[in-house]
$ cat data_16.cif   # mmCIF, C-alpha atoms
data_structure
#
loop_
_atom_site.group_PDB
_atom_site.id
_atom_site.type_symbol
_atom_site.label_atom_id
_atom_site.label_comp_id
_atom_site.auth_asym_id
_atom_site.auth_seq_id
_atom_site.Cartn_x
_atom_site.Cartn_y
_atom_site.Cartn_z
ATOM 1 C CA MET A 165 1.148 84.891 -54.346
ATOM 2 C CA ALA A 166 -0.879 85.514 -57.496
ATOM 3 C CA GLN A 167 -0.611 82.926 -60.307
ATOM 4 C CA ARG A 168 0.225 84.028 -63.780
ATOM 5 C CA VAL A 169 -2.255 83.147 -66.496
ATOM 6 C CA ALA A 170 -0.819 82.663 -69.989
ATOM 7 C CA VAL A 171 -2.878 84.483 -72.575
ATOM 8 C CA ARG A 172 -2.596 83.265 -76.187
ATOM 9 C CA PRO A 173 -2.342 85.931 -78.867
ATOM 10 C CA LEU A 174 -5.440 86.447 -80.948
ATOM 11 C CA ALA A 175 -3.600 85.299 -84.048
ATOM 12 C CA ASP A 176 -2.993 81.880 -82.477
ATOM 13 C CA ARG A 177 -6.600 81.303 -81.446
ATOM 14 C CA PRO A 178 -8.854 79.222 -83.775
ATOM 15 C CA ALA A 179 -11.529 81.263 -85.452
ATOM 16 C CA VAL A 180 -15.009 80.820 -83.976
ATOM 17 C CA GLY A 181 -17.364 78.921 -86.286
ATOM 18 C CA ARG A 182 -14.569 77.869 -88.647
ATOM 19 C CA ALA A 183 -13.266 74.284 -88.895
ATOM 20 C CA PRO A 184 -9.575 73.716 -88.266
ATOM 21 C CA ARG A 185 -7.428 73.599 -91.357
ATOM 22 C CA ARG A 186 -6.340 70.014 -90.666
ATOM 23 C CA GLY A 187 -9.940 68.788 -90.544
ATOM 24 C CA LEU A 188 -10.755 70.528 -93.798
ATOM 25 C CA THR A 189 -7.733 68.948 -95.426
ATOM 26 C CA MET A 190 -8.780 65.494 -94.199
ATOM 27 C CA THR A 191 -12.275 66.006 -95.618
ATOM 28 C CA ARG A 192 -10.851 66.875 -99.022
ATOM 29 C CA ARG A 193 -8.488 63.921 -98.822
ATOM 30 C CA GLN A 194 -11.353 61.553 -98.003
ATOM 31 C CA ALA A 195 -13.395 62.924 -100.903
ATOM 32 C CA LEU A 196 -10.415 62.446 -103.218
ATOM 33 C CA TRP A 197 -9.985 58.836 -102.159
ATOM 34 C CA CYS A 198 -13.727 58.309 -102.592
ATOM 35 C CA TYR A 199 -13.491 59.452 -106.206
ATOM 36 C CA VAL A 200 -10.465 57.217 -106.752
ATOM 37 C CA PHE A 201 -12.266 54.128 -105.489
ATOM 38 C CA ILE A 202 -15.488 54.715 -107.453
ATOM 39 C CA ALA A 203 -13.630 55.673 -110.639
ATOM 40 C CA PRO A 204 -13.291 52.051 -111.945
ATOM 41 C CA ALA A 205 -17.014 51.418 -111.535
ATOM 42 C CA VAL A 206 -17.969 54.744 -113.141
ATOM 43 C CA LEU A 207 -15.543 54.265 -116.034
ATOM 44 C CA GLY A 208 -16.781 50.701 -116.532
ATOM 45 C CA LEU A 209 -20.363 51.946 -116.634
ATOM 46 C CA LEU A 210 -19.552 54.682 -119.151
ATOM 47 C CA LEU A 211 -17.319 52.594 -121.415
ATOM 48 C CA PHE A 212 -18.934 49.154 -121.297
ATOM 49 C CA SER A 213 -22.611 49.897 -120.539
ATOM 50 C CA LEU A 214 -23.726 53.445 -121.267
ATOM 51 C CA GLY A 215 -21.544 53.842 -124.364
ATOM 52 C CA PRO A 216 -22.755 50.645 -126.079
ATOM 53 C CA MET A 217 -26.343 51.467 -125.110
ATOM 54 C CA LEU A 218 -26.175 54.839 -126.832
ATOM 55 C CA ALA A 219 -24.456 53.256 -129.849
ATOM 56 C CA SER A 220 -27.208 50.629 -129.997
ATOM 57 C CA LEU A 221 -29.857 53.356 -129.855
ATOM 58 C CA GLY A 222 -28.256 55.083 -132.814
ATOM 59 C CA LEU A 223 -27.908 51.834 -134.773
ATOM 60 C CA SER A 224 -31.591 51.026 -134.236
ATOM 61 C CA PHE A 225 -32.401 53.865 -136.662
ATOM 62 C CA THR A 226 -29.998 52.579 -139.326
ATOM 63 C CA SER A 227 -29.538 49.681 -141.711
ATOM 64 C CA TYR A 228 -26.217 48.141 -140.754
ATOM 65 C CA ASP A 229 -24.840 44.725 -141.718
ATOM 66 C CA MET A 230 -21.276 45.083 -140.344
ATOM 67 C CA LEU A 231 -19.929 44.908 -143.911
ATOM 68 C CA SER A 232 -20.682 48.505 -144.876
ATOM 69 C CA ASN A 233 -21.289 51.822 -143.189
ATOM 70 C CA PRO A 234 -24.620 52.352 -141.376
ATOM 71 C CA VAL A 235 -27.360 53.941 -143.501
ATOM 72 C CA TRP A 236 -29.968 56.091 -141.762
ATOM 73 C CA VAL A 237 -33.483 54.658 -142.224
ATOM 74 C CA GLY A 238 -35.347 56.431 -139.423
ATOM 75 C CA GLY A 239 -38.058 54.348 -137.779
ATOM 76 C CA GLN A 240 -38.209 51.637 -140.446
ATOM 77 C CA ASN A 241 -36.745 48.998 -138.141
ATOM 78 C CA TYR A 242 -39.436 49.630 -135.537
ATOM 79 C CA SER A 243 -42.244 49.616 -138.095
ATOM 80 C CA ALA A 244 -40.837 46.370 -139.506
ATOM 81 C CA LEU A 245 -40.980 44.849 -136.023
ATOM 82 C CA VAL A 246 -44.695 45.577 -135.798
ATOM 83 C CA ALA A 247 -45.301 43.673 -139.042
ATOM 84 C CA ASP A 248 -42.851 40.853 -138.247
ATOM 85 C CA PRO A 249 -44.765 37.656 -137.313
ATOM 86 C CA ILE A 250 -41.605 36.014 -135.959
ATOM 87 C CA PHE A 251 -41.045 38.954 -133.608
ATOM 88 C CA ARG A 252 -44.636 38.698 -132.366
ATOM 89 C CA LYS A 253 -44.122 34.978 -131.824
ATOM 90 C CA ALA A 254 -40.909 35.643 -129.867
ATOM 91 C CA LEU A 255 -42.668 38.290 -127.797
ATOM 92 C CA SER A 256 -45.544 35.958 -126.885
ATOM 93 C CA VAL A 257 -43.164 33.104 -126.025
ATOM 94 C CA THR A 258 -41.106 35.428 -123.818
ATOM 95 C CA LEU A 259 -44.168 36.706 -121.964
ATOM 96 C CA ILE A 260 -45.482 33.170 -121.387
ATOM 97 C CA TYR A 261 -42.070 32.115 -120.108
ATOM 98 C CA GLY A 262 -41.903 35.055 -117.707
ATOM 99 C CA VAL A 263 -45.495 34.811 -116.455
ATOM 100 C CA VAL A 264 -45.043 31.142 -115.539
ATOM 101 C CA SER A 265 -41.393 30.905 -114.470
ATOM 102 C CA VAL A 266 -41.163 34.008 -112.255
ATOM 103 C CA PRO A 267 -44.059 33.181 -109.858
ATOM 104 C CA ALA A 268 -43.124 29.487 -109.816
ATOM 105 C CA THR A 269 -39.523 30.293 -108.886
ATOM 106 C CA MET A 270 -40.586 32.732 -106.166
ATOM 107 C CA ILE A 271 -43.074 30.288 -104.614
ATOM 108 C CA LEU A 272 -40.535 27.453 -104.602
ATOM 109 C CA ALA A 273 -37.836 29.743 -103.170
ATOM 110 C CA LEU A 274 -40.155 30.978 -100.387
ATOM 111 C CA MET A 275 -41.210 27.459 -99.404
ATOM 112 C CA LEU A 276 -37.632 26.238 -99.158
ATOM 113 C CA ALA A 277 -36.543 29.396 -97.341
ATOM 114 C CA ILE A 278 -39.208 28.759 -94.690
ATOM 115 C CA LEU A 279 -38.053 25.159 -94.398
ATOM 116 C CA LEU A 280 -34.381 26.144 -94.130
ATOM 117 C CA ASN A 281 -35.213 28.779 -91.530
ATOM 118 C CA SER A 282 -36.381 26.135 -89.085
ATOM 119 C CA LYS A 283 -34.222 24.012 -86.827
ATOM 120 C CA LEU A 284 -33.084 21.083 -88.941
ATOM 121 C CA PRO A 285 -30.036 18.832 -88.676
ATOM 122 C CA ALA A 286 -27.183 19.710 -91.069
ATOM 123 C CA LEU A 287 -28.894 23.032 -91.784
ATOM 124 C CA LYS A 288 -25.766 24.758 -93.107
ATOM 125 C CA PHE A 289 -25.160 21.919 -95.545
ATOM 126 C CA PHE A 290 -28.672 22.111 -96.977
ATOM 127 C CA ARG A 291 -28.514 25.892 -97.284
ATOM 128 C CA SER A 292 -25.278 25.632 -99.254
ATOM 129 C CA ALA A 293 -26.560 22.733 -101.354
ATOM 130 C CA TYR A 294 -29.712 24.577 -102.425
ATOM 131 C CA TYR A 295 -27.846 27.801 -103.157
ATOM 132 C CA LEU A 296 -24.965 26.213 -105.095
ATOM 133 C CA PRO A 297 -26.843 25.646 -108.417
ATOM 134 C CA SER A 298 -27.477 29.386 -108.778
ATOM 135 C CA VAL A 299 -23.744 30.137 -109.045
ATOM 136 C CA ILE A 300 -22.975 27.533 -111.717
ATOM 137 C CA SER A 301 -22.476 28.785 -115.269
ATOM 138 C CA GLY A 302 -25.600 28.892 -117.404
ATOM 139 C CA VAL A 303 -23.989 26.980 -120.282
ATOM 140 C CA ALA A 304 -22.848 24.157 -117.996
ATOM 141 C CA VAL A 305 -26.302 23.901 -116.452
ATOM 142 C CA ALA A 306 -27.928 23.908 -119.901
ATOM 143 C CA MET A 307 -25.702 21.051 -121.087
ATOM 144 C CA VAL A 308 -26.661 18.960 -118.062
ATOM 145 C CA TRP A 309 -30.371 19.617 -118.610
ATOM 146 C CA LYS A 310 -30.021 18.901 -122.327
ATOM 147 C CA TRP A 311 -28.830 15.433 -121.436
ATOM 148 C CA MET A 312 -31.571 14.989 -118.831
ATOM 149 C CA PHE A 313 -34.290 16.077 -121.297
ATOM 150 C CA ASN A 314 -33.068 13.776 -124.076
ATOM 151 C CA GLY A 315 -36.049 11.807 -125.353
ATOM 152 C CA GLU A 316 -34.137 8.567 -125.945
ATOM 153 C CA TYR A 317 -31.656 8.159 -123.080
ATOM 154 C CA GLY A 318 -32.352 11.141 -120.819
ATOM 155 C CA LEU A 319 -32.524 10.732 -117.066
ATOM 156 C CA ILE A 320 -36.032 12.215 -116.800
ATOM 157 C CA ASN A 321 -37.598 9.809 -119.298
ATOM 158 C CA ALA A 322 -35.691 6.920 -117.736
ATOM 159 C CA GLY A 323 -37.270 7.780 -114.384
ATOM 160 C CA LEU A 324 -40.715 8.078 -115.962
ATOM 161 C CA ALA A 325 -40.223 4.677 -117.633
ATOM 162 C CA LYS A 326 -39.687 3.137 -114.196
ATOM 163 C CA LEU A 327 -43.174 4.390 -113.335
ATOM 164 C CA GLY A 328 -44.643 3.002 -116.538
ATOM 165 C CA ILE A 329 -44.941 6.418 -118.207
ATOM 166 C CA ASN A 330 -43.733 6.995 -121.748
ATOM 167 C CA GLY A 331 -41.920 10.328 -121.563
ATOM 168 C CA PRO A 332 -42.231 12.879 -124.375
ATOM 169 C CA SER A 333 -39.503 14.230 -126.636
ATOM 170 C CA TRP A 334 -38.957 17.262 -124.432
ATOM 171 C CA LEU A 335 -36.766 19.418 -126.651
ATOM 172 C CA THR A 336 -37.939 18.311 -130.105
ATOM 173 C CA ASP A 337 -41.689 18.461 -129.511
ATOM 174 C CA GLU A 338 -43.058 22.012 -129.680
ATOM 175 C CA ARG A 339 -45.779 21.122 -127.177
ATOM 176 C CA TRP A 340 -43.181 20.330 -124.517
ATOM 177 C CA ALA A 341 -40.090 22.389 -125.376
ATOM 178 C CA LEU A 342 -41.180 25.609 -123.641
ATOM 179 C CA ARG A 343 -42.386 23.633 -120.636
ATOM 180 C CA ALA A 344 -38.948 22.046 -120.417
ATOM 181 C CA LEU A 345 -37.328 25.498 -120.352
ATOM 182 C CA ILE A 346 -39.681 26.615 -117.586
ATOM 183 C CA VAL A 347 -38.885 23.510 -115.530
ATOM 184 C CA MET A 348 -35.175 24.146 -116.012
ATOM 185 C CA SER A 349 -35.585 27.783 -114.900
ATOM 186 C CA LEU A 350 -36.602 26.540 -111.440
ATOM 187 C CA TRP A 351 -33.066 25.184 -111.047
ATOM 188 C CA GLY A 352 -31.696 28.668 -110.363
ATOM 189 C CA PHE A 353 -33.951 29.588 -107.446
ATOM 190 C CA GLY A 354 -31.016 29.688 -104.992
ATOM 191 C CA GLY A 355 -30.447 33.434 -105.153
ATOM 192 C CA THR A 356 -34.136 34.191 -104.619
ATOM 193 C CA MET A 357 -34.256 31.673 -101.768
ATOM 194 C CA LEU A 358 -31.237 33.287 -100.090
ATOM 195 C CA ILE A 359 -32.882 36.721 -100.153
ATOM 196 C CA TYR A 360 -36.093 35.276 -98.695
ATOM 197 C CA LEU A 361 -34.041 33.507 -96.032
ATOM 198 C CA ALA A 362 -32.378 36.783 -95.073
ATOM 199 C CA GLY A 363 -35.794 38.434 -94.836
ATOM 200 C CA LEU A 364 -37.093 35.669 -92.574
ATOM 201 C CA GLN A 365 -34.341 36.416 -90.094
ATOM 202 C CA GLY A 366 -35.979 39.799 -89.442
ATOM 203 C CA VAL A 367 -39.515 38.561 -88.787
ATOM 204 C CA PRO A 368 -40.177 38.784 -84.994
ATOM 205 C CA ASN A 369 -41.023 35.488 -83.318
ATOM 206 C CA GLU A 370 -43.597 37.328 -81.183
ATOM 207 C CA LEU A 371 -45.875 37.580 -84.219
ATOM 208 C CA TYR A 372 -45.886 33.810 -84.704
ATOM 209 C CA GLU A 373 -46.478 33.251 -80.991
ATOM 210 C CA ALA A 374 -49.419 35.664 -81.023
ATOM 211 C CA ALA A 375 -50.898 33.922 -84.069
ATOM 212 C CA LYS A 376 -50.431 30.545 -82.387
ATOM 213 C CA VAL A 377 -52.238 31.783 -79.275
ATOM 214 C CA ASP A 378 -55.127 32.892 -81.490
ATOM 215 C CA GLY A 379 -55.377 29.337 -82.812
ATOM 216 C CA ALA A 380 -53.805 29.860 -86.233
ATOM 217 C CA SER A 381 -52.394 26.781 -87.928
ATOM 218 C CA THR A 382 -48.874 26.684 -89.340
ATOM 219 C CA PHE A 383 -50.189 27.419 -92.832
ATOM 220 C CA ARG A 384 -52.201 30.417 -91.611
ATOM 221 C CA GLN A 385 -49.226 31.690 -89.624
ATOM 222 C CA HIS A 386 -47.155 31.844 -92.783
ATOM 223 C CA LEU A 387 -50.077 33.189 -94.808
ATOM 224 C CA HIS A 388 -50.944 36.045 -92.429
ATOM 225 C CA VAL A 389 -47.535 36.729 -90.871
ATOM 226 C CA THR A 390 -44.712 35.559 -93.121
ATOM 227 C CA VAL A 391 -46.129 36.670 -96.452
ATOM 228 C CA PRO A 392 -47.039 40.256 -95.346
ATOM 229 C CA MET A 393 -43.769 40.707 -93.463
ATOM 230 C CA LEU A 394 -41.794 39.578 -96.526
ATOM 231 C CA SER A 395 -43.759 41.686 -99.009
ATOM 232 C CA SER A 396 -40.856 44.095 -99.507
ATOM 233 C CA VAL A 397 -38.548 41.143 -100.195
ATOM 234 C CA THR A 398 -41.133 39.734 -102.599
ATOM 235 C CA PHE A 399 -41.249 43.117 -104.325
ATOM 236 C CA PHE A 400 -37.482 43.051 -104.897
ATOM 237 C CA ASN A 401 -37.489 39.428 -106.099
ATOM 238 C CA LEU A 402 -40.377 40.173 -108.461
ATOM 239 C CA ILE A 403 -38.530 43.073 -110.079
ATOM 240 C CA MET A 404 -35.352 41.036 -110.493
ATOM 241 C CA GLY A 405 -37.318 38.046 -111.789
ATOM 242 C CA ILE A 406 -39.045 40.124 -114.470
ATOM 243 C CA ILE A 407 -35.736 41.573 -115.638
ATOM 244 C CA ASN A 408 -33.980 38.204 -115.705
ATOM 245 C CA SER A 409 -36.827 36.371 -117.453
ATOM 246 C CA LEU A 410 -36.831 38.879 -120.312
ATOM 247 C CA GLN A 411 -33.055 38.633 -120.714
ATOM 248 C CA VAL A 412 -32.446 34.881 -120.387
ATOM 249 C CA PHE A 413 -30.340 33.637 -123.299
ATOM 250 C CA ALA A 414 -27.800 30.897 -122.567
ATOM 251 C CA GLU A 415 -30.240 28.135 -121.584
ATOM 252 C CA PRO A 416 -32.715 28.395 -124.511
ATOM 253 C CA PHE A 417 -29.893 28.953 -127.003
ATOM 254 C CA VAL A 418 -27.949 25.879 -125.879
ATOM 255 C CA LEU A 419 -30.990 23.626 -125.522
ATOM 256 C CA THR A 420 -33.178 24.489 -128.514
ATOM 257 C CA GLN A 421 -31.836 27.616 -130.298
ATOM 258 C CA GLY A 422 -35.447 28.773 -130.518
ATOM 259 C CA GLY A 423 -36.891 25.570 -131.984
ATOM 260 C CA PRO A 424 -38.780 23.507 -132.707
ATOM 261 C CA ASN A 425 -40.935 25.681 -134.950
ATOM 262 C CA ASN A 426 -40.005 28.801 -132.912
ATOM 263 C CA SER A 427 -41.790 27.387 -129.860
ATOM 264 C CA THR A 428 -38.904 28.471 -127.586
ATOM 265 C CA LEU A 429 -37.830 31.559 -129.543
ATOM 266 C CA LEU A 430 -37.321 34.101 -126.765
ATOM 267 C CA LEU A 431 -36.585 37.743 -127.574
ATOM 268 C CA SER A 432 -32.937 37.375 -126.611
ATOM 269 C CA VAL A 433 -32.482 34.433 -128.988
ATOM 270 C CA TYR A 434 -34.227 36.270 -131.841
ATOM 271 C CA LEU A 435 -32.023 39.291 -131.170
ATOM 272 C CA TYR A 436 -28.904 37.098 -131.381
ATOM 273 C CA GLN A 437 -30.062 35.507 -134.626
ATOM 274 C CA ASN A 438 -30.607 38.874 -136.314
ATOM 275 C CA ALA A 439 -27.347 40.333 -135.038
ATOM 276 C CA PHE A 440 -24.848 37.514 -135.514
ATOM 277 C CA GLN A 441 -26.473 35.111 -137.977
ATOM 278 C CA TYR A 442 -28.248 37.487 -140.355
ATOM 279 C CA LEU A 443 -25.880 40.446 -139.641
ATOM 280 C CA LYS A 444 -28.858 42.809 -139.274
ATOM 281 C CA MET A 445 -27.357 44.931 -136.527
ATOM 282 C CA GLY A 446 -29.810 47.803 -136.898
ATOM 283 C CA TYR A 447 -32.803 45.485 -136.684
ATOM 284 C CA ALA A 448 -31.295 43.637 -133.703
ATOM 285 C CA SER A 449 -30.694 46.957 -131.932
ATOM 286 C CA ALA A 450 -34.355 47.841 -132.423
ATOM 287 C CA ILE A 451 -35.340 44.505 -130.836
ATOM 288 C CA ALA A 452 -33.057 45.271 -127.894
ATOM 289 C CA TRP A 453 -34.664 48.653 -127.296
ATOM 290 C CA VAL A 454 -38.174 47.227 -127.561
ATOM 291 C CA ALA A 455 -37.204 44.650 -124.926
ATOM 292 C CA PHE A 456 -35.778 47.459 -122.791
ATOM 293 C CA ALA A 457 -39.046 49.398 -123.116
ATOM 294 C CA ILE A 458 -41.071 46.332 -122.104
ATOM 295 C CA ILE A 459 -38.898 45.839 -119.017
ATOM 296 C CA MET A 460 -39.284 49.510 -118.093
ATOM 297 C CA VAL A 461 -43.074 49.421 -118.474
ATOM 298 C CA LEU A 462 -43.465 46.233 -116.431
ATOM 299 C CA THR A 463 -41.137 47.566 -113.736
ATOM 300 C CA LEU A 464 -43.076 50.826 -113.506
ATOM 301 C CA LEU A 465 -46.349 48.910 -113.237
ATOM 302 C CA VAL A 466 -44.969 46.877 -110.337
ATOM 303 C CA PHE A 467 -43.771 50.076 -108.659
ATOM 304 C CA ARG A 468 -47.201 51.677 -109.110
ATOM 305 C CA SER A 469 -48.840 48.645 -107.496
ATOM 306 C CA MET A 470 -46.438 48.753 -104.545
ATOM 307 C CA PRO A 471 -48.721 50.698 -102.127
ATOM 308 C CA MET A 472 -51.491 48.116 -102.566
ATOM 309 C CA TRP A 473 -49.584 45.056 -101.355
ATOM 310 C CA VAL A 474 -46.138 45.942 -99.990
ATOM 311 C CA HIS A 475 -46.035 46.136 -96.190
ATOM 312 C CA THR A 476 -43.738 48.854 -94.793
ATOM 313 C CA GLU A 477 -42.817 50.015 -91.291
ATOM 314 C CA THR A 478 -43.864 53.571 -92.158
ATOM 315 C CA GLU A 479 -47.449 52.421 -92.570
ATOM 316 C CA ASP A 480 -47.355 50.793 -89.127
ATOM 317 C CA GLU A 481 -46.139 54.031 -87.506
ATOM 318 C CA ARG A 482 -49.038 55.897 -89.059
#
$ encode --input "data_16.cif" --output "structure tokens"
Amino acid sequence: MAQRVAVRPLADRPAVGRAPRRGLTMTRRQALWCYVFIAPAVLGLLLFSLGPMLASLGLSFTSYDMLSNPVWVGGQNYSALVADPIFRKALSVTLIYGVVSVPATMILALMLAILLNSKLPALKFFRSAYYLPSVISGVAVAMVWKWMFNGEYGLINAGLAKLGINGPSWLTDERWALRALIVMSLWGFGGTMLIYLAGLQGVPNELYEAAKVDGASTFRQHLHVTVPMLSSVTFFNLIMGIINSLQVFAEPFVLTQGGPNNSTLLLSVYLYQNAFQYLKMGYASAIAWVAFAIIMVLTLLVFRSMPMWVHTETEDER
């Protein structure tokens, strides 16, 4: 007995090469929810970052003291910066601070990351303990260091006195004030260390074993294996370190406010003084955009140097 085969009408068959309507609706719904979730971040960027940046760019070409309407002066603020000896002093202090503090922080973070990547007792405790200072507020940290650097009853000079060394007046002597800020900057190496520690997790142990078979010492293993394999991580930490060093404000403002004799006057502190002490908003905006240009130039230089020292997997495949 022949079986009957049910044949669906052509109108009920899905069109060839065309997605079902339900799937298309789900795609649109997912896109809609995507826009909903990213809307707060986009609005925050436009209202609280991009908007003020554009307003600051406009104010940098005006004379504005917050008590009257802005007056257009063209490029006078930028030409005044070139002739301003205090601005040149702040620029040199900022560059010295960045050139010393950024490499020192990265080296210290890498050394401790290597140590914390080995098998040690209470490893989780030490990882948390070394990372914890990086999440503490900058003002709170600065107040603690201000007490430690006190020339009369500070903890650092008290420790040096135990060794028979007469400690300097760290924050009131212009020969030592900037050095004190650089030493304090090493306190926040926890974030850099954590990124290095994450990078170390991806370095194959076979490379260390091969180097050990070739007779390489522990130092040479890290020099010829760890450092090249973490070059991309170093690249990221270097970029972030440059940006942060040129924007640091809370610590030098709380400790020295730029003194003594402008020896710790970073660009961010000089910008604050012009904006909120002298009410020279147009001039302060020009300082901000010069600092932004310096950060952009240094970042681009690091990116241009990337092929010369950053190790990538693409190069290995070639």
$ closest_atom_pairs --input "data_16.cif" --of "range 352-378 of chain A" --to "range 384-389 of chain A" --cutoff "10 Å" --atoms "all atoms listed in the file" --output "CSV"
residue,atom,partner,partner_atom,distance
A:Val367,CA,A:Val389,CA,8.5
A:Pro368,CA,A:Val389,CA,9.6
A:Leu371,CA,A:Val389,CA,6.9
A:Tyr372,CA,A:Gln385,CA,6.3
A:Glu373,CA,A:Gln385,CA,9.2
A:Ala374,CA,A:Gln385,CA,9.5
A:Ala375,CA,A:Gln385,CA,6.2
A:Lys376,CA,A:Gln385,CA,7.4
$ resolve_selection --input "data_16.cif" --expression "the PyMOL selection byres ((chain A and resi 397) around 10)" --output "JSON, numbers by chain"
{"A": [356, 359, 360, 361, 362, 363, 364, 391, 392, 393, 394, 395, 396, 398, 399, 400, 401, 402, 474, 475]}
$ resolve_selection --input "data_16.cif" --expression "the PyMOL selection byres ((chain A and resi 446-455) around 6)" --output "compact mmCIF listing (two decimals) with C-alpha atoms, in the coordinates of the input"
# COMPACT_ATOMS: atom_id res chain seq x y z
CA SER A 220 -27.21 50.63 -130.00
CA LEU A 223 -27.91 51.83 -134.77
CA SER A 224 -31.59 51.03 -134.24
CA THR A 226 -30.00 52.58 -139.33
CA SER A 227 -29.54 49.68 -141.71
CA TYR A 228 -26.22 48.14 -140.75
CA ASN A 241 -36.74 49.00 -138.14
CA LEU A 435 -32.02 39.29 -131.17
CA ASN A 438 -30.61 38.87 -136.31
CA ALA A 439 -27.35 40.33 -135.04
CA LYS A 444 -28.86 42.81 -139.27
CA MET A 445 -27.36 44.93 -136.53
CA PHE A 456 -35.78 47.46 -122.79
CA ALA A 457 -39.05 49.40 -123.12
CA ILE A 458 -41.07 46.33 -122.10
$ resolve_selection --input "data_16.cif" --expression "the PyMOL selection byres ((chain A and resi 324-339) around 6)" --output "list of chain:residue names"
A:Phe313, A:Gly315, A:Asn321, A:Ala322, A:Gly323, A:Trp340, A:Ala341, A:Pro424, A:Ser427
$ atom_distance --input "data_16.cif" --atom1 "CA of Ser469 in chain A" --atom2 "CA of Ile407 in chain A"
17.0 Å
$ atom_distance --input "data_16.cif" --atom1 "CA of Lys310 in chain A" --atom2 "CA of Ser256 in chain A"
23.5 Å
$ residues_near_point --input "data_16.cif" --point "(-39.7, 31.7, -117.7)" --cutoff "10 Å" --atoms "only C-alpha atoms" --output "PDB file with C-alpha atoms, in the frame of the given file"
ATOM      1  CA  VAL A 257     -43.164  33.104-126.025  1.00  0.00           C
ATOM      2  CA  THR A 258     -41.106  35.428-123.818  1.00  0.00           C
ATOM      3  CA  LEU A 259     -44.168  36.706-121.964  1.00  0.00           C
ATOM      4  CA  ILE A 260     -45.482  33.170-121.387  1.00  0.00           C
ATOM      5  CA  TYR A 261     -42.070  32.115-120.108  1.00  0.00           C
ATOM      6  CA  GLY A 262     -41.903  35.055-117.707  1.00  0.00           C
ATOM      7  CA  VAL A 263     -45.495  34.811-116.455  1.00  0.00           C
ATOM      8  CA  VAL A 264     -45.043  31.142-115.539  1.00  0.00           C
ATOM      9  CA  SER A 265     -41.393  30.905-114.470  1.00  0.00           C
ATOM     10  CA  VAL A 266     -41.163  34.008-112.255  1.00  0.00           C
ATOM     11  CA  PRO A 267     -44.059  33.181-109.858  1.00  0.00           C
ATOM     12  CA  ALA A 268     -43.124  29.487-109.816  1.00  0.00           C
ATOM     13  CA  THR A 269     -39.523  30.293-108.886  1.00  0.00           C
ATOM     14  CA  LEU A 342     -41.180  25.609-123.641  1.00  0.00           C
ATOM     15  CA  ARG A 343     -42.386  23.633-120.636  1.00  0.00           C
ATOM     16  CA  LEU A 345     -37.328  25.498-120.352  1.00  0.00           C
ATOM     17  CA  ILE A 346     -39.681  26.615-117.586  1.00  0.00           C
ATOM     18  CA  VAL A 347     -38.885  23.510-115.530  1.00  0.00           C
ATOM     19  CA  MET A 348     -35.175  24.146-116.012  1.00  0.00           C
ATOM     20  CA  SER A 349     -35.585  27.783-114.900  1.00  0.00           C
ATOM     21  CA  LEU A 350     -36.602  26.540-111.440  1.00  0.00           C
ATOM     22  CA  GLY A 405     -37.318  38.046-111.789  1.00  0.00           C
ATOM     23  CA  ILE A 406     -39.045  40.124-114.470  1.00  0.00           C
ATOM     24  CA  ASN A 408     -33.980  38.204-115.705  1.00  0.00           C
ATOM     25  CA  SER A 409     -36.827  36.371-117.453  1.00  0.00           C
ATOM     26  CA  LEU A 410     -36.831  38.879-120.312  1.00  0.00           C
ATOM     27  CA  VAL A 412     -32.446  34.881-120.387  1.00  0.00           C
ATOM     28  CA  LEU A 430     -37.321  34.101-126.765  1.00  0.00           C
TER      29      LEU A 430
END
